[in-house]
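Asks: Supplied in structure tokens, the structure appears directly below.
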Amino acid sequence: LNHISPIGEEEWEEFVGPLKTRSMKEGDILLREGNVCDFVAFINKGAVRVYEIIEGFEINRTFFLEGFFATEYKSFLLQEPSQEYLEVLTASDLVIIPHDHLLRFYDKYKSFERLGRRLSEMLYLKMREKLERYQVKTPEERYKEMMITNPSFLEIVPHYHVASYLGITPQSLDRIRKRLKMMVH
């Protein structure tokens, strides 16, 4: 995090001192729809998906992988009930940062406030890029881009979740994968 915004060693030790690591297994629910997201989880190991249930179907919104923060950002910011779920995709070790703890450090240290702002900016840019890709690229083009830019993502996340994330059925993703495989051979 220091490359995003430098934090002094004393400030950092004060911040992480009371935080706890939480080990979770595949399929555990970190946040349920209707609950307020009062935390940010740093993923030391594992992966988390964010999804919403619409008309009985799970629609994947995003994924957080090792080395990133996972939260349901709208609920976290507004402290209102979430419309989404956070589910652990693989056995994970998470550091849970409570909402009130984080806000105290935003108030107490400019370096933490700067870090929070820069992480928010990065999240905004990621979501903006995703929106732009959805507006101009086909699911096949988005899948090819994933293969190039983040192949480890495709190794971790089950294909039916990738399909949902792309906005297509698993069968459509299978056809795309077969077509791409044929083009390589």
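Residue numbering restarts at 1 in every chain; chains get A, B, ... in the order shown in the structure tokens, and ligands count up from 1 in that same order.
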Just the residues within 7 Å of Lys25 in chain A, please, counting only C-alpha atoms, with nothing from its chain fewer than 3 positions along; format it as a list in words.
Replies: Asp28, Val88, Thr90, Ala91 and Ser92 of chain A
Asks: Determine which residues of range 4-149 of chain A receive a DSSP assignment of strand (DSSP E or B), computed from the backbone, and state them as an MDAnalysis selection string.
Replies: chainID A and resid 20:24 29:31 36 39:54 57:65 69:70 81 85:98
Asks: Can you list, as a VMD selection string, every protein, DNA or RNA residue that comes within 12 Å of Ser75 in chain A when you count only C-alpha atoms, leaving out same-chain residues fewer than 5 positions away?
Replies: chain A and resid 31 to 40 80 to 86 99
Asks: Save out the residues we just selected, N, CA and C atoms, as an mmCIF file, in the first residue's frame.
Replies:
```
data_model
loop_
_atom_site.group_PDB
_atom_site.id
_atom_site.type_symbol
_atom_site.label_atom_id
_atom_site.label_comp_id
_atom_site.auth_asym_id
_atom_site.auth_seq_id
_atom_site.Cartn_x
_atom_site.Cartn_y
_atom_site.Cartn_z
ATOM 1 N N LEU A 31 -21.001 -11.522 3.449
ATOM 2 C CA LEU A 31 -22.055 -10.518 3.572
ATOM 3 C C LEU A 31 -23.294 -11.022 2.855
ATOM 4 N N ARG A 32 -24.432 -10.882 3.502
ATOM 5 C CA ARG A 32 -25.714 -11.266 2.898
ATOM 6 C C ARG A 32 -26.496 -10.034 2.472
ATOM 7 N N GLU A 33 -27.303 -10.211 1.425
ATOM 8 C CA GLU A 33 -28.224 -9.166 1.009
ATOM 9 C C GLU A 33 -29.061 -8.755 2.218
ATOM 10 N N GLY A 34 -29.277 -7.459 2.372
ATOM 11 C CA GLY A 34 -30.092 -6.964 3.485
ATOM 12 C C GLY A 34 -29.278 -6.563 4.704
ATOM 13 N N ASN A 35 -28.033 -7.036 4.800
ATOM 14 C CA ASN A 35 -27.161 -6.629 5.906
ATOM 15 C C ASN A 35 -26.328 -5.426 5.471
ATOM 16 N N VAL A 36 -25.934 -4.628 6.438
ATOM 17 C CA VAL A 36 -25.073 -3.477 6.157
ATOM 18 C C VAL A 36 -23.625 -3.947 6.114
ATOM 19 N N CYS A 37 -22.903 -3.541 5.090
ATOM 20 C CA CYS A 37 -21.482 -3.880 4.971
ATOM 21 C C CYS A 37 -20.710 -2.889 5.834
ATOM 22 N N ASP A 38 -20.270 -3.357 6.994
ATOM 23 C CA ASP A 38 -19.566 -2.483 7.935
ATOM 24 C C ASP A 38 -18.091 -2.837 8.027
ATOM 25 N N PHE A 39 -17.525 -3.299 6.915
ATOM 26 C CA PHE A 39 -16.127 -3.717 6.898
ATOM 27 C C PHE A 39 -15.542 -3.636 5.489
ATOM 28 N N VAL A 40 -14.224 -3.623 5.469
ATOM 29 C CA VAL A 40 -13.448 -3.873 4.264
ATOM 30 C C VAL A 40 -12.567 -5.054 4.625
ATOM 31 N N GLU A 80 -25.994 1.464 4.508
ATOM 32 C CA GLU A 80 -27.369 1.026 4.280
ATOM 33 C C GLU A 80 -27.340 -0.441 3.870
ATOM 34 N N PRO A 81 -28.494 -1.134 3.966
ATOM 35 C CA PRO A 81 -28.515 -2.563 3.624
ATOM 36 C C PRO A 81 -28.018 -2.825 2.206
ATOM 37 N N SER A 82 -27.252 -3.884 2.083
ATOM 38 C CA SER A 82 -26.678 -4.279 0.803
ATOM 39 C C SER A 82 -27.718 -4.973 -0.068
ATOM 40 N N GLN A 83 -27.576 -4.800 -1.364
ATOM 41 C CA GLN A 83 -28.380 -5.554 -2.331
ATOM 42 C C GLN A 83 -27.596 -6.757 -2.838
ATOM 43 N N GLU A 84 -26.354 -6.888 -2.387
ATOM 44 C CA GLU A 84 -25.462 -7.909 -2.913
ATOM 45 C C GLU A 84 -24.945 -8.824 -1.807
ATOM 46 N N TYR A 85 -24.363 -9.925 -2.251
ATOM 47 C CA TYR A 85 -23.713 -10.896 -1.376
ATOM 48 C C TYR A 85 -22.213 -10.851 -1.643
ATOM 49 N N LEU A 86 -21.418 -11.149 -0.625
ATOM 50 C CA LEU A 86 -19.996 -11.408 -0.784
ATOM 51 C C LEU A 86 -19.785 -12.851 -0.357
ATOM 52 N N HIS A 99 -15.620 -0.667 9.677
ATOM 53 C CA HIS A 99 -15.955 0.663 9.155
ATOM 54 C C HIS A 99 -15.546 1.764 10.128
#
```
Asks: My list of candidates is A:Leu30, A:Leu1, A:Met183, A:Leu102. Which is closest to Tyr51 in chain A when distances are computed with only C-alpha atoms?
Replies: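 Going through A:Leu30, A:Leu1, A:Met183, A:Leu102 one by one, the smallest distance to Tyr51 in chain A is for A:Leu30.
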Asks: From the set A:Lys110, A:Lys126, A:Lys144, A:His159, which residue has the shortest atom-to-atom contact distance to Gln171 in chain A, counting only C-alpha atoms?
Replies: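 Answer, going by the shortest atom-to-atom distance: A:His159.
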Asks: May I have the residues within 8 Å of Gly67 in chain A as a PyMOL selection string, using only C-alpha atoms and disregarding those fewer than 6 positions away in the same chain?
Replies: chain A and resi 42-45
Asks: Just the selected residues (N, CA, C and O atoms), exported as a PDB file, in the first residue's frame, please.
Replies:
```pdb
ATOM      1  N   PHE A  42      -9.236  -7.253   3.637  1.00  0.00           N
ATOM      2  CA  PHE A  42      -8.046  -7.400   2.811  1.00  0.00           C
ATOM      3  C   PHE A  42      -7.812  -8.891   2.621  1.00  0.00           C
ATOM      4  O   PHE A  42      -7.806  -9.651   3.587  1.00  0.00           O
ATOM      5  N   ILE A  43      -7.635  -9.328   1.381  1.00  0.00           N
ATOM      6  CA  ILE A  43      -7.488 -10.754   1.076  1.00  0.00           C
ATOM      7  C   ILE A  43      -6.000 -11.125   1.085  1.00  0.00           C
ATOM      8  O   ILE A  43      -5.276 -10.848   0.134  1.00  0.00           O
ATOM      9  N   ASN A  44      -5.576 -11.738   2.182  1.00  0.00           N
ATOM     10  CA  ASN A  44      -4.195 -12.250   2.257  1.00  0.00           C
ATOM     11  C   ASN A  44      -4.033 -13.459   1.361  1.00  0.00           C
ATOM     12  O   ASN A  44      -2.996 -13.657   0.741  1.00  0.00           O
ATOM     13  N   LYS A  45      -5.071 -14.303   1.335  1.00  0.00           N
ATOM     14  CA  LYS A  45      -5.067 -15.521   0.519  1.00  0.00           C
ATOM     15  C   LYS A  45      -6.508 -15.785   0.111  1.00  0.00           C
ATOM     16  O   LYS A  45      -7.418 -15.639   0.918  1.00  0.00           O
TER      17      LYS A  45
END
```
Asks: Please extract the residues of range 86-144 of chain A with a backbone DSSP assignment of helix (DSSP H, G or I) and present them as a PyMOL selection string.
Replies: chain A and resi 99-108+110-136+139-144
Asks: Using only C-alpha atoms, pick whichever of A:His161, A:Glu10, A:Ile148, A:Arg104 has the shortest atom-to-atom distance to Val48 in chain A.
Replies: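 With only C-alpha atoms as the atom set, the closest residue is A:His161.
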Asks: Using only C-alpha atoms, which of A:Ile156, A:Leu125, A:Gly167, A:Ile4 sits nearest Lys137 in chain A?
Replies: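 Of the candidates, the smallest distance to Lys137 in chain A is held by A:Gly167.
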Asks: If we count only C-alpha atoms, what is near Arg118 in chain A at a cut-off of 9 Å, once residues fewer than 5 positions away on the same chain are taken out, given as a VMD selection string?
Replies: chain A and resid 4 to 5 113 123
Asks: Suppose you want the space between CA of Pro6 in chain A and CA of Arg114 in chain A; what is it in Å?
Replies: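 CA of Pro6 in chain A sits 9.0 Å away from CA of Arg114 in chain A.
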Asks: Which is closest to Leu65 in chain A among A:Pro18, A:Tyr143, A:Asn150, A:Glu121, if we use only C-alpha atoms?
Replies: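 Nearest to Leu65 in chain A: A:Asn150.
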Asks: From the set A:Arg175, A:His101, A:Arg49, A:Arg61, which residue has the shortest atom-to-atom contact distance to Glu14 in chain A, counting only C-alpha atoms?
Replies: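 Selected residue with least distance to Glu14 in chain A: A:His101.
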